[in-house]
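The structure appears below as structure tokens.
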Amino acid sequence: MGISFPVAALAGCTAVLLLQPVTASAVTDPAPQRRTSAGDGSVTSLSLTAGRALGPRATRPFELLGVGWDDPARSLAGGSVRVRTRDAATHVWSGWHELEADGEDGPDTTGGGATAPLWTGPSDGVAVRVTPGPGGLPAGLRLELVDPGRGAAPASARTLPAEPPDGHQAARPAIVTRAGWGADESLRDPQVEYTGPVRVVFVHHTATATEYACADAPRVIRAIYQYHVQSNGWRDIGYNFLVDRCGTVYEGRAGGAELPVHGAHTLGFNADSAGVAALGTFVTDTPPPPVPDGLARLAAWKLGLTGQDAAGRTQLVSSSSASRYPKGTSVTFEAVSGHRDAFNTECPGAALYPLLPAVRTQAALLQGGARPARRGAR
């Protein structure tokens, strides 16, 4: 089912790149600039080159979109990207929705830039309006349309069952494996990188739709995976874990849920940390109670593997001046922190971020009871 967004005011747009939405009978299917397969899914790229006229059009089926570009040194800072999409079943166009113009998740070095992705549900038409910031438009601007497909057939266990602490501080929650959400393992880099022991869990939101059926969460995750790998050029999905609106925990980046896999979630602080993303946009929408509960269960277990008190603090060293802190700066973080604590972003949203103290408290209790926070632990 398509997702409708309220119409946004668009006064004052300049250098607009526009695909005007029209009736279903008037659109035409354009030849894509690039189309790559992902199992039975795909990613279609449409060029948004400045000055090129893009007429009204239908598209190949997709369920998630974003805008990417080639030069990471250039961004859309100060600009905006607005999109609207056509529901594949009803052929009704949504209102305009603004993408987060600067993708805030990512590896410490990357070959390009991208907006945050938008989950649209099954769609077959799109319109785009791009307003450049003071620096103009970055090179290689393109629209990425992701069809998550049905997913790869599972070749291993679909779920890691919940387990008692077994000598660690907290029980492992049940975790849906990559096989469980249908990851096509041929897409990712086969090599896996590891960091030091995980001492901080950074909480994110995916800035995708909030009202989705939990049965559709694997499709959302597959689409994010394809966007991160095929559109952004990352080695794998950026997050180490994800949690859906029903509190289900999913394995993200490959390499072993219990191991310190190097993710691409918090620029400057991807080392010695794990990134967990709540599926949805929690700026004004309050997360359903299972979301903070799932975050707490995951954080208690993951931090407990290395003896890190979930209610404590620890220090990490910035590896990128593009974060909130210059490269080489030692920063003290809560063991459960929000993305905004490390990067100039609203993530994980104004409605989720205030819940993090309660997540820490619950995680600490799951680790064996509330204990005084270890200040400045290393």
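For the structure tokens, the naming scheme is as follows: chains receive sequential letters (A, B, ...) according to their order of presentation, residues are indexed from 1 within each chain, and ligands are indexed from 1 in presentation order.
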
(message) Could you list, as a PyMOL selection string, every residue within 12 Å of range 167-176 of chain A, counting only C-alpha atoms and ignoring same-chain residues fewer than 5 positions away?
(response) chain A and resi 154+156-162+181-183+217-218+221+240-244+247-252+256-258+293-310+362-369

(message) Give me the residues near Ser123 in chain A as a ChimeraX atom specification, where near means some atom within 12 Å (using only C-alpha atoms) and where sequence neighbours in that chain fewer than 2 positions away do not count.
(response) /A:1-4,58-65,84-94,118-121,125-127,145-148

(request) Find the residues around Gly133 in chain A up to 7 Å (only C-alpha atoms counted), leave out those fewer than 5 positions away in its own chain, and share them as an MDAnalysis selection string. (result) chainID A and resid 76:79

Excluding Val192 in chain A and any residue of its chain fewer than 4 positions from it, enumerate the residues within 10 Å of it, using only C-alpha atoms, and give them as a CSV table (one decimal) with C-alpha atoms, in the first residue's frame.
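As written to disk, result.csv reads:
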```csv
chain,number,residue,atom,x,y,z
A,188,ARG,CA,28.1,-7.1,-0.1
A,235,ARG,CA,30.5,-2.6,1.7
A,236,ASP,CA,27.3,-3.7,3.4
A,253,ARG,CA,25.9,-5.8,8.9
A,254,ALA,CA,27.4,-9.3,8.4
A,255,GLY,CA,30.2,-10.8,10.4
A,256,GLY,CA,28.5,-12.2,13.5
A,261,VAL,CA,31.7,-5.8,13.4
A,262,HIS,CA,32.9,-2.4,12.0
A,263,GLY,CA,29.7,-0.7,10.9
```

(message) DSSP on the backbone, strand (DSSP E or B) only: what residues of range 68-206 of chain A does that give? Format it as a count of residues only.
(response) 51

(message) When you look at Arg324 in chain A with a cut-off of 8 Å (counting only C-alpha atoms), what residues show up, excluding the ones that are within fewer than 3 positions of it in the same chain? I need them as a ChimeraX atom specification.
(response) /A:321,341-344

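Take CA of Gly349 in chain A and CA of Val201 in chain A: the distance between them is 16.1 Å.
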
(message) So the first atom is CA of Ser231 in chain A and the second is CA of Thr44 in chain A; what is the distance between them in Å, to one decimal place?
(response) 9.1 Å

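Nearest to Thr195 in chain A of all the residues A:Asp272, A:Asp216, A:Glu334, A:Asp124 is A:Asp272, counting only C-alpha atoms.
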